[in-house]
$ cat model.cif   # mmCIF, C-alpha atoms
data_final
loop_
_atom_site.group_PDB
_atom_site.id
_atom_site.type_symbol
_atom_site.label_atom_id
_atom_site.label_comp_id
_atom_site.auth_asym_id
_atom_site.auth_seq_id
_atom_site.Cartn_x
_atom_site.Cartn_y
_atom_site.Cartn_z
ATOM 1 C CA MET A 1 8.525 16.406 -15.866
ATOM 2 C CA VAL A 2 9.440 12.914 -14.676
ATOM 3 C CA ALA A 3 12.434 11.304 -16.344
ATOM 4 C CA VAL A 4 11.613 7.919 -17.867
ATOM 5 C CA PRO A 5 14.145 5.244 -16.769
ATOM 6 C CA LEU A 6 15.589 2.553 -18.968
ATOM 7 C CA PRO A 7 13.675 -0.734 -19.197
ATOM 8 C CA ALA A 8 14.692 -3.283 -16.571
ATOM 9 C CA SER A 9 16.505 -5.486 -19.104
ATOM 10 C CA HIS A 10 18.938 -2.612 -19.840
ATOM 11 C CA ALA A 11 19.474 -1.475 -16.278
ATOM 12 C CA PRO A 12 23.013 -1.593 -14.844
ATOM 13 C CA ALA A 13 23.949 -4.615 -12.746
ATOM 14 C CA GLU A 14 23.893 -2.726 -9.452
ATOM 15 C CA HIS A 15 20.201 -1.898 -9.992
ATOM 16 C CA ARG A 16 19.076 -5.464 -10.591
ATOM 17 C CA PRO A 17 16.568 -6.865 -8.067
ATOM 18 C CA HIS A 18 17.646 -7.939 -4.612
ATOM 19 C CA VAL A 19 14.598 -10.100 -4.002
ATOM 20 C CA LEU A 20 15.709 -11.594 -0.666
ATOM 21 C CA LYS A 21 16.455 -8.198 0.869
ATOM 22 C CA ALA A 22 13.138 -6.862 -0.381
ATOM 23 C CA ALA A 23 11.341 -9.898 1.089
ATOM 24 C CA LEU A 24 12.846 -9.215 4.536
ATOM 25 C CA TRP A 25 11.639 -5.615 4.486
ATOM 26 C CA MET A 26 8.207 -6.728 3.273
ATOM 27 C CA THR A 27 7.917 -9.073 6.283
ATOM 28 C CA GLY A 28 7.941 -6.000 8.497
ATOM 29 C CA ALA A 29 5.401 -4.309 6.231
ATOM 30 C CA ILE A 30 3.068 -7.333 6.428
ATOM 31 C CA ALA A 31 3.054 -7.371 10.238
ATOM 32 C CA SER A 32 2.533 -3.606 10.411
ATOM 33 C CA PHE A 33 -0.327 -3.486 7.904
ATOM 34 C CA SER A 34 -2.088 -6.349 9.708
ATOM 35 C CA ALA A 35 -1.784 -4.580 13.078
ATOM 36 C CA MET A 36 -3.097 -1.404 11.484
ATOM 37 C CA ALA A 37 -6.226 -3.203 10.220
ATOM 38 C CA VAL A 38 -7.067 -4.548 13.679
ATOM 39 C CA ALA A 39 -6.446 -1.159 15.309
ATOM 40 C CA GLY A 40 -8.589 0.506 12.638
ATOM 41 C CA ARG A 41 -11.559 -1.566 13.729
ATOM 42 C CA MET A 42 -10.860 -0.661 17.357
ATOM 43 C CA VAL A 43 -11.299 3.074 16.772
ATOM 44 C CA GLU A 44 -13.914 3.274 14.009
ATOM 45 C CA HIS A 45 -16.793 3.624 16.485
ATOM 46 C CA GLN A 46 -15.574 7.075 17.605
ATOM 47 C CA VAL A 47 -13.662 8.676 14.708
ATOM 48 C CA ASN A 48 -14.392 8.709 10.985
ATOM 49 C CA VAL A 49 -11.810 7.750 8.362
ATOM 50 C CA PHE A 50 -10.745 11.345 7.698
ATOM 51 C CA GLU A 51 -10.079 11.944 11.397
ATOM 52 C CA LEU A 52 -8.313 8.594 11.637
ATOM 53 C CA MET A 53 -5.983 9.575 8.781
ATOM 54 C CA THR A 54 -5.346 12.983 10.363
ATOM 55 C CA TYR A 55 -4.319 11.555 13.738
ATOM 56 C CA ARG A 56 -2.338 8.770 12.114
ATOM 57 C CA SER A 57 -0.395 11.283 10.008
ATOM 58 C CA LEU A 58 0.263 13.585 12.985
ATOM 59 C CA VAL A 59 1.748 10.678 14.948
ATOM 60 C CA GLY A 60 3.854 9.644 11.963
ATOM 61 C CA MET A 61 5.103 13.186 11.312
ATOM 62 C CA ALA A 62 6.221 13.589 14.922
ATOM 63 C CA ILE A 63 8.091 10.274 14.838
ATOM 64 C CA VAL A 64 9.827 11.005 11.530
ATOM 65 C CA ALA A 65 10.932 14.480 12.666
ATOM 66 C CA LEU A 66 12.174 13.102 16.024
ATOM 67 C CA VAL A 67 14.145 10.243 14.468
ATOM 68 C CA ALA A 68 15.594 12.520 11.777
ATOM 69 C CA GLY A 69 16.684 15.001 14.453
ATOM 70 C CA LEU A 70 18.294 12.328 16.641
ATOM 71 C CA ARG A 71 20.192 10.937 13.641
ATOM 72 C CA GLY A 72 21.260 14.344 12.375
ATOM 73 C CA ARG A 73 19.201 13.929 9.216
ATOM 74 C CA LEU A 74 16.961 17.003 9.429
ATOM 75 C CA ALA A 75 18.478 18.227 6.158
ATOM 76 C CA ASP A 76 16.887 15.182 4.498
ATOM 77 C CA LEU A 77 13.455 16.622 5.240
ATOM 78 C CA ALA A 78 13.988 19.615 2.940
ATOM 79 C CA PRO A 79 11.384 19.668 0.159
ATOM 80 C CA HIS A 80 12.343 18.389 -3.290
ATOM 81 C CA ARG A 81 10.061 17.385 -6.175
ATOM 82 C CA LEU A 82 6.973 18.510 -4.284
ATOM 83 C CA GLN A 83 4.717 17.926 -7.279
ATOM 84 C CA LEU A 84 5.716 14.266 -7.348
ATOM 85 C CA HIS A 85 5.284 14.006 -3.572
ATOM 86 C CA GLY A 86 1.826 15.510 -4.013
ATOM 87 C CA LEU A 87 0.801 12.984 -6.657
ATOM 88 C CA ARG A 88 2.156 10.109 -4.581
ATOM 89 C CA ASN A 89 0.332 11.217 -1.448
ATOM 90 C CA LEU A 90 -2.934 12.009 -3.200
ATOM 91 C CA CYS A 91 -2.971 8.441 -4.548
ATOM 92 C CA HIS A 92 -2.102 7.009 -1.155
ATOM 93 C CA PHE A 93 -4.484 9.200 0.842
ATOM 94 C CA THR A 94 -7.384 8.226 -1.413
ATOM 95 C CA GLY A 95 -6.514 4.532 -1.303
ATOM 96 C CA GLN A 96 -5.938 4.516 2.464
ATOM 97 C CA ASN A 97 -9.229 6.222 3.270
ATOM 98 C CA LEU A 98 -11.106 3.740 1.097
ATOM 99 C CA TRP A 99 -9.178 0.871 2.733
ATOM 100 C CA PHE A 100 -9.914 1.979 6.298
ATOM 101 C CA TRP A 101 -13.590 2.382 5.474
ATOM 102 C CA ALA A 102 -13.751 -1.014 3.743
ATOM 103 C CA ILE A 103 -12.329 -2.881 6.763
ATOM 104 C CA THR A 104 -15.269 -1.659 8.836
ATOM 105 C CA VAL A 105 -17.981 -2.970 6.486
ATOM 106 C CA ILE A 106 -16.672 -6.192 4.867
ATOM 107 C CA PRO A 107 -14.524 -9.123 6.140
ATOM 108 C CA LEU A 108 -10.807 -8.384 6.563
ATOM 109 C CA ALA A 109 -9.776 -11.251 4.268
ATOM 110 C CA GLN A 110 -11.944 -9.875 1.469
ATOM 111 C CA VAL A 111 -10.398 -6.415 1.826
ATOM 112 C CA PHE A 112 -6.879 -7.834 1.734
ATOM 113 C CA ALA A 113 -7.642 -10.109 -1.221
ATOM 114 C CA LEU A 114 -8.898 -7.175 -3.283
ATOM 115 C CA GLU A 115 -5.974 -5.046 -2.132
ATOM 116 C CA PHE A 116 -3.653 -7.666 -3.616
ATOM 117 C CA THR A 117 -4.720 -6.565 -7.084
ATOM 118 C CA ALA A 118 -2.436 -3.536 -6.625
ATOM 119 C CA PRO A 119 0.514 -5.388 -8.288
ATOM 120 C CA LEU A 120 -1.647 -5.972 -11.350
ATOM 121 C CA TRP A 121 -2.317 -2.259 -11.599
ATOM 122 C CA VAL A 122 1.403 -1.602 -11.075
ATOM 123 C CA ALA A 123 2.206 -3.965 -13.950
ATOM 124 C CA LEU A 124 -0.284 -2.179 -16.190
ATOM 125 C CA ILE A 125 0.806 1.351 -15.224
ATOM 126 C CA ALA A 126 4.584 0.757 -15.026
ATOM 127 C CA PRO A 127 5.180 0.704 -18.823
ATOM 128 C CA PHE A 128 3.746 4.227 -19.108
ATOM 129 C CA VAL A 129 5.448 5.755 -16.047
ATOM 130 C CA LEU A 130 8.506 3.647 -15.166
ATOM 131 C CA GLY A 131 9.402 2.655 -18.709
ATOM 132 C CA GLU A 132 9.057 -1.057 -17.952
ATOM 133 C CA ARG A 133 8.089 -3.102 -21.005
ATOM 134 C CA MET A 134 4.561 -4.514 -21.269
ATOM 135 C CA THR A 135 5.077 -8.133 -22.277
ATOM 136 C CA ARG A 136 2.574 -10.783 -23.299
ATOM 137 C CA THR A 137 3.218 -12.545 -19.962
ATOM 138 C CA ARG A 138 2.309 -9.414 -18.011
ATOM 139 C CA ALA A 139 -0.839 -8.900 -20.060
ATOM 140 C CA LEU A 140 -1.960 -12.508 -19.513
ATOM 141 C CA ALA A 141 -1.133 -12.277 -15.792
ATOM 142 C CA ALA A 142 -3.257 -9.129 -15.508
ATOM 143 C CA ALA A 143 -6.167 -10.832 -17.279
ATOM 144 C CA ALA A 144 -5.952 -13.847 -14.948
ATOM 145 C CA GLY A 145 -5.724 -11.564 -11.933
ATOM 146 C CA PHE A 146 -8.887 -9.734 -12.880
ATOM 147 C CA ALA A 147 -10.649 -13.089 -13.171
ATOM 148 C CA GLY A 148 -9.606 -13.596 -9.543
ATOM 149 C CA ILE A 149 -11.133 -10.207 -8.669
ATOM 150 C CA LEU A 150 -14.474 -11.324 -10.068
ATOM 151 C CA ILE A 151 -14.375 -14.470 -7.930
ATOM 152 C CA VAL A 152 -13.550 -12.507 -4.758
ATOM 153 C CA ALA A 153 -16.086 -9.752 -5.420
ATOM 154 C CA ARG A 154 -18.822 -11.951 -6.964
ATOM 155 C CA PRO A 155 -20.384 -8.948 -8.735
ATOM 156 C CA ASP A 156 -24.058 -9.768 -8.462
ATOM 157 C CA PRO A 157 -26.798 -7.906 -6.558
ATOM 158 C CA ALA A 158 -26.645 -10.440 -3.710
ATOM 159 C CA HIS A 159 -22.939 -9.928 -2.933
ATOM 160 C CA LEU A 160 -21.711 -6.651 -4.467
ATOM 161 C CA ASN A 161 -21.687 -3.702 -2.061
ATOM 162 C CA LEU A 162 -19.923 -0.401 -1.522
ATOM 163 C CA GLY A 163 -17.340 -2.026 0.757
ATOM 164 C CA ILE A 164 -16.171 -4.293 -2.055
ATOM 165 C CA LEU A 165 -16.024 -1.389 -4.516
ATOM 166 C CA ALA A 166 -14.066 0.693 -1.971
ATOM 167 C CA ALA A 167 -11.514 -2.083 -1.404
ATOM 168 C CA ALA A 168 -11.076 -2.578 -5.154
ATOM 169 C CA ALA A 169 -10.628 1.162 -5.726
ATOM 170 C CA ALA A 170 -8.151 1.352 -2.828
ATOM 171 C CA ALA A 171 -5.901 -1.088 -4.704
ATOM 172 C CA ILE A 172 -5.699 1.337 -7.624
ATOM 173 C CA GLY A 173 -4.698 4.130 -5.255
ATOM 174 C CA PHE A 174 -1.990 1.965 -3.685
ATOM 175 C CA ALA A 175 -0.651 1.038 -7.129
ATOM 176 C CA GLY A 176 -0.294 4.706 -8.038
ATOM 177 C CA SER A 177 1.430 5.347 -4.719
ATOM 178 C CA ALA A 178 3.883 2.493 -5.368
ATOM 179 C CA ILE A 179 4.708 3.807 -8.841
ATOM 180 C CA PHE A 180 5.461 7.330 -7.618
ATOM 181 C CA THR A 181 7.365 5.973 -4.594
ATOM 182 C CA LYS A 182 9.607 3.997 -6.925
ATOM 183 C CA ILE A 183 10.397 7.167 -8.865
ATOM 184 C CA LEU A 184 11.085 9.173 -5.696
ATOM 185 C CA THR A 185 13.438 6.547 -4.216
ATOM 186 C CA ARG A 186 15.802 7.038 -7.165
ATOM 187 C CA THR A 187 16.735 10.541 -6.008
ATOM 188 C CA GLU A 188 15.182 11.268 -2.616
ATOM 189 C CA PRO A 189 16.061 9.880 0.856
ATOM 190 C CA VAL A 190 13.521 7.707 2.663
ATOM 191 C CA PHE A 191 13.176 10.274 5.504
ATOM 192 C CA GLU A 192 12.067 12.921 3.024
ATOM 193 C CA ILE A 193 9.469 10.618 1.437
ATOM 194 C CA LEU A 194 8.028 9.614 4.819
ATOM 195 C CA PHE A 195 8.014 13.146 6.249
ATOM 196 C CA TRP A 196 6.222 14.685 3.294
ATOM 197 C CA MET A 197 3.821 11.747 3.235
ATOM 198 C CA THR A 198 2.785 12.424 6.836
ATOM 199 C CA LEU A 199 2.744 16.224 6.459
ATOM 200 C CA MET A 200 0.696 16.274 3.256
ATOM 201 C CA GLN A 201 -1.722 13.651 4.491
ATOM 202 C CA THR A 202 -2.231 15.567 7.741
ATOM 203 C CA VAL A 203 -3.303 18.559 5.652
ATOM 204 C CA PHE A 204 -5.510 16.390 3.420
ATOM 205 C CA GLY A 205 -7.092 14.789 6.490
ATOM 206 C CA LEU A 206 -7.819 18.116 8.207
ATOM 207 C CA ILE A 207 -9.403 19.541 5.071
ATOM 208 C CA CYS A 208 -11.627 16.481 4.639
ATOM 209 C CA ALA A 209 -12.493 16.152 8.347
ATOM 210 C CA PHE A 210 -13.584 19.784 8.723
ATOM 211 C CA GLY A 211 -15.272 19.729 5.324
ATOM 212 C CA TRP A 212 -17.217 16.584 6.290
ATOM 213 C CA GLN A 213 -18.462 17.522 9.773
ATOM 214 C CA GLY A 214 -17.032 20.932 10.634
ATOM 215 C CA HIS A 215 -14.852 19.790 13.550
ATOM 216 C CA LEU A 216 -12.222 17.282 14.664
ATOM 217 C CA THR A 217 -13.306 14.702 17.276
ATOM 218 C CA ILE A 218 -11.145 14.547 20.422
ATOM 219 C CA PRO A 219 -10.669 10.817 21.095
ATOM 220 C CA THR A 220 -10.995 9.087 24.447
ATOM 221 C CA ALA A 221 -7.877 7.561 26.007
ATOM 222 C CA PRO A 222 -8.452 4.003 24.651
ATOM 223 C CA VAL A 223 -9.184 5.330 21.163
ATOM 224 C CA ALA A 224 -6.159 7.638 21.350
ATOM 225 C CA ALA A 225 -3.987 4.589 22.144
ATOM 226 C CA GLY A 226 -5.404 2.835 19.088
ATOM 227 C CA LEU A 227 -4.694 5.889 16.926
ATOM 228 C CA VAL A 228 -1.091 6.006 18.162
ATOM 229 C CA LEU A 229 -0.764 2.305 17.294
ATOM 230 C CA ILE A 230 -2.151 2.992 13.823
ATOM 231 C CA GLY A 231 0.281 5.878 13.373
ATOM 232 C CA CYS A 232 3.288 3.828 14.452
ATOM 233 C CA ALA A 233 2.263 0.731 12.471
ATOM 234 C CA GLY A 234 1.470 2.787 9.390
ATOM 235 C CA LEU A 235 4.803 4.591 9.506
ATOM 236 C CA LEU A 236 6.751 1.369 10.038
ATOM 237 C CA ALA A 237 4.830 -0.298 7.221
ATOM 238 C CA HIS A 238 5.685 2.509 4.826
ATOM 239 C CA PHE A 239 9.305 2.627 5.938
ATOM 240 C CA CYS A 240 9.588 -1.089 5.172
ATOM 241 C CA LEU A 241 7.690 -0.769 1.885
ATOM 242 C CA THR A 242 9.656 2.288 0.741
ATOM 243 C CA THR A 243 12.952 0.581 1.579
ATOM 244 C CA ALA A 244 11.884 -2.566 -0.290
ATOM 245 C CA LEU A 245 10.950 -0.450 -3.322
ATOM 246 C CA SER A 246 14.400 1.155 -3.206
ATOM 247 C CA VAL A 247 16.132 -2.222 -3.682
ATOM 248 C CA ALA A 248 13.795 -4.007 -6.133
ATOM 249 C CA PRO A 249 11.333 -3.125 -8.931
ATOM 250 C CA ALA A 250 7.745 -2.298 -7.994
ATOM 251 C CA SER A 251 6.430 -5.237 -10.014
ATOM 252 C CA ILE A 252 8.443 -7.586 -7.760
ATOM 253 C CA VAL A 253 8.032 -5.882 -4.371
ATOM 254 C CA MET A 254 4.261 -5.474 -4.375
ATOM 255 C CA PRO A 255 3.323 -9.184 -4.722
ATOM 256 C CA LEU A 256 5.536 -10.137 -1.770
ATOM 257 C CA ASP A 257 2.960 -9.220 0.846
ATOM 258 C CA PHE A 258 0.485 -11.898 -0.261
ATOM 259 C CA ALA A 259 1.532 -13.795 2.861
ATOM 260 C CA ARG A 260 -0.719 -11.600 4.987
ATOM 261 C CA LEU A 261 -3.960 -12.992 3.522
ATOM 262 C CA PRO A 262 -4.007 -16.244 5.565
ATOM 263 C CA VAL A 263 -2.785 -14.332 8.626
ATOM 264 C CA ILE A 264 -5.532 -11.727 8.465
ATOM 265 C CA ALA A 265 -8.151 -14.373 7.629
ATOM 266 C CA VAL A 266 -7.310 -16.229 10.857
ATOM 267 C CA VAL A 267 -7.292 -12.943 12.814
ATOM 268 C CA GLY A 268 -10.719 -12.069 11.404
ATOM 269 C CA MET A 269 -12.053 -15.485 12.346
ATOM 270 C CA LEU A 270 -10.666 -15.421 15.901
ATOM 271 C CA LEU A 271 -11.438 -11.798 16.787
ATOM 272 C CA TYR A 272 -14.587 -11.078 14.795
ATOM 273 C CA GLY A 273 -16.083 -14.464 13.955
ATOM 274 C CA GLU A 274 -15.637 -13.910 10.214
ATOM 275 C CA PRO A 275 -16.011 -17.133 8.189
ATOM 276 C CA LEU A 276 -13.141 -18.439 6.092
ATOM 277 C CA ASP A 277 -14.779 -17.819 2.696
ATOM 278 C CA GLY A 278 -13.631 -20.348 0.106
ATOM 279 C CA PHE A 279 -14.380 -17.981 -2.780
ATOM 280 C CA VAL A 280 -12.101 -15.325 -1.276
ATOM 281 C CA PHE A 281 -9.228 -17.812 -1.013
ATOM 282 C CA LEU A 282 -9.888 -19.196 -4.512
ATOM 283 C CA GLY A 283 -9.900 -15.731 -6.039
ATOM 284 C CA ALA A 284 -6.838 -14.709 -4.035
ATOM 285 C CA ALA A 285 -5.022 -17.868 -5.184
ATOM 286 C CA ILE A 286 -5.682 -16.935 -8.811
ATOM 287 C CA ILE A 287 -4.508 -13.372 -8.177
ATOM 288 C CA PHE A 288 -1.394 -14.732 -6.442
ATOM 289 C CA ALA A 289 -0.674 -17.145 -9.328
ATOM 290 C CA ALA A 290 -1.008 -14.289 -11.833
ATOM 291 C CA ASN A 291 1.443 -12.171 -9.848
ATOM 292 C CA PHE A 292 3.813 -15.103 -9.354
ATOM 293 C CA VAL A 293 4.025 -15.511 -13.139
ATOM 294 C CA ASN A 294 4.727 -11.794 -13.356
ATOM 295 C CA ILE A 295 7.485 -12.058 -10.716
ATOM 296 C CA ARG A 296 9.171 -14.952 -12.514
ATOM 297 C CA ALA A 297 9.079 -13.127 -15.835
ATOM 298 C CA ALA A 298 10.521 -9.952 -14.279
ATOM 299 C CA ALA A 299 13.272 -11.924 -12.531
ATOM 300 C CA ARG A 300 14.268 -13.662 -15.774
ATOM 301 C CA ALA A 301 14.367 -10.334 -17.616
ATOM 302 C CA ALA A 302 16.664 -8.889 -14.944
ATOM 303 C CA ARG A 303 19.257 -11.688 -15.026
ATOM 304 C CA PRO A 304 22.665 -10.784 -16.474
ATOM 305 C CA ARG A 305 22.984 -11.827 -20.088
ATOM 306 C CA SER A 306 25.652 -14.462 -20.642
#
$ encode --input "model.cif" --output "structure tokens"
Amino acid sequence: MVAVPLPASHAPAEHRPHVLKAALWMTGAIASFSAMAVAGRMVEHQVNVFELMTYRSLVGMAIVALVAGLRGRLADLAPHRLQLHGLRNLCHFTGQNLWFWAITVIPLAQVFALEFTAPLWVALIAPFVLGERMTRTRALAAAAGFAGILIVARPDPAHLNLGILAAAAAAIGFAGSAIFTKILTRTEPVFEILFWMTLMQTVFGLICAFGWQGHLTIPTAPVAAGLVLIGCAGLLAHFCLTTALSVAPASIVMPLDFARLPVIAVVGMLLYGEPLDGFVFLGAAIIFAANFVNIRAAARAARPRS
């Protein structure tokens, strides 16, 4: 059973948000996630998403074990709270597979804009899992954010497709992953979280890859280089994200990576000729505004009472 923490307004002073420190870690996460999206498109012609996740996790597991060994932290890899690790990684594995598939069928900016709804799901789920209070401001922010989703997705037969649905569903998976990561960071070291993420997702990937086509594709040298890049970028992204979640509440950390939308939109335009869709930016702006209101409300609630 997961212990329910005190609401943020009653948390001790040393646990109050360190927004600047979290923002610095999220800068690294933004760069890593963006590199991972570009590399994902580089390899999708030869490996499917299950194989991609398997190779990515194998690379990450090797790196985590090597770094832990060099730093004398192998004891940190010992299993604790495996059920919670399993829930966290099932959410993330599902969301990541949907995300990697979505970036191959719809514009990168649209994928990222829909992914940014993850903080809204965090805000809605956090009261039930993290014990954070659901306020009127959070409820209104969530409602406004979902209006932004409708603008980005434009749910009509002419625009709605499986890629859009996959990207939207991926955001829910990432929100669940963020919630369980926040719980794990209270008691478990970052090395343990990252190691069990890569180990469990390697197993999940192998099961899905062999179940889907009965074998694992051996990549060519260029594709193997792309897979190594994805593994390194993915691990670095999650190290930065996990560290940020260890110093600030999930409802504050998750909106901080909105800065990657204009970056990935320009990358998509330059590398793939994707148009800068005004509806995507309008919807993303509404989603960002909704999350900004949520951030301000959470920051005010966390200030020391005079």
$ closest_residue --input "model.cif" --among "A:Thr181, A:Arg41, A:Thr94, A:Arg73" --to "Ala126 (chain A)" --atoms "only C-alpha atoms"
A:Thr181
$ closest_atom_pairs --input "model.cif" --of "region 130-171 of chain A" --to "region 108-112 of chain A" --cutoff "10 Å" --atoms "all atoms listed in the file" --output "CSV"
residue,atom,partner,partner_atom,distance
A:Val152,CA,A:Gln110,CA,6.9
A:Ala153,CA,A:Gln110,CA,8.0
A:Gly163,CA,A:Val111,CA,8.3
A:Ile164,CA,A:Val111,CA,7.3
A:Leu165,CA,A:Val111,CA,9.9
A:Ala166,CA,A:Val111,CA,8.9
A:Ala167,CA,A:Val111,CA,5.5
A:Ala168,CA,A:Val111,CA,8.0
A:Ala170,CA,A:Val111,CA,9.3
A:Ala171,CA,A:Phe112,CA,9.4
$ residues_around --input "model.cif" --residues "Cys232 (chain A)" --least-positions-apart "5" --cutoff "8 Å" --atoms "only C-alpha atoms" --output "PDB file with C-alpha atoms, keeping the file's coordinate frame"
ATOM      1  CA  ARG A  56      -2.338   8.770  12.114  1.00  0.00           C
ATOM      2  CA  VAL A  59       1.748  10.678  14.948  1.00  0.00           C
ATOM      3  CA  GLY A  60       3.854   9.644  11.963  1.00  0.00           C
TER       4      GLY A  60
END
$ resolve_selection --input "model.cif" --expression "the PyMOL selection byres ((chain A and resi 52-55) around 7)" --output "list in words"
Val47, Asn48, Val49, Phe50, Glu51, Arg56, Ser57, Leu58, Val59, Gln201, Thr202, Gly205, Leu206 and Leu227 of chain A
$ resolve_selection --input "model.cif" --expression "the PyMOL selection byres ((chain A and resi 113) around 12)" --output "ChimeraX atom specification"
/A:99,103,106-112,114-119,145-146,148-153,164,167-168,170-171,255,257-265,277-288
$ residues_around --input "model.cif" --residues "Ala225 (chain A)" --least-positions-apart "6" --cutoff "10 Å" --atoms "only C-alpha atoms" --output "ChimeraX atom specification"
/A:39,42-43,219,231
$ closest_residue --input "model.cif" --among "A:Leu276, A:Leu229, A:Leu199, A:Val122" --to "Asn291 (chain A)" --atoms "only C-alpha atoms"
A:Val122
$ axis_aligned_box --input "model.cif" --around "region 39-43 of chain A" --padding-each-side "3 Å" --output "lines of an AutoDock Vina configuration file"
center_x = -9.0
center_y = 0.8
center_z = 15.0
size_x = 11.1
size_y = 10.6
size_z = 10.7
$ closest_residue --input "model.cif" --among "A:Leu124, A:Ala147, A:Leu66, A:Met200" --to "Gln83 (chain A)" --atoms "only C-alpha atoms"
A:Met200
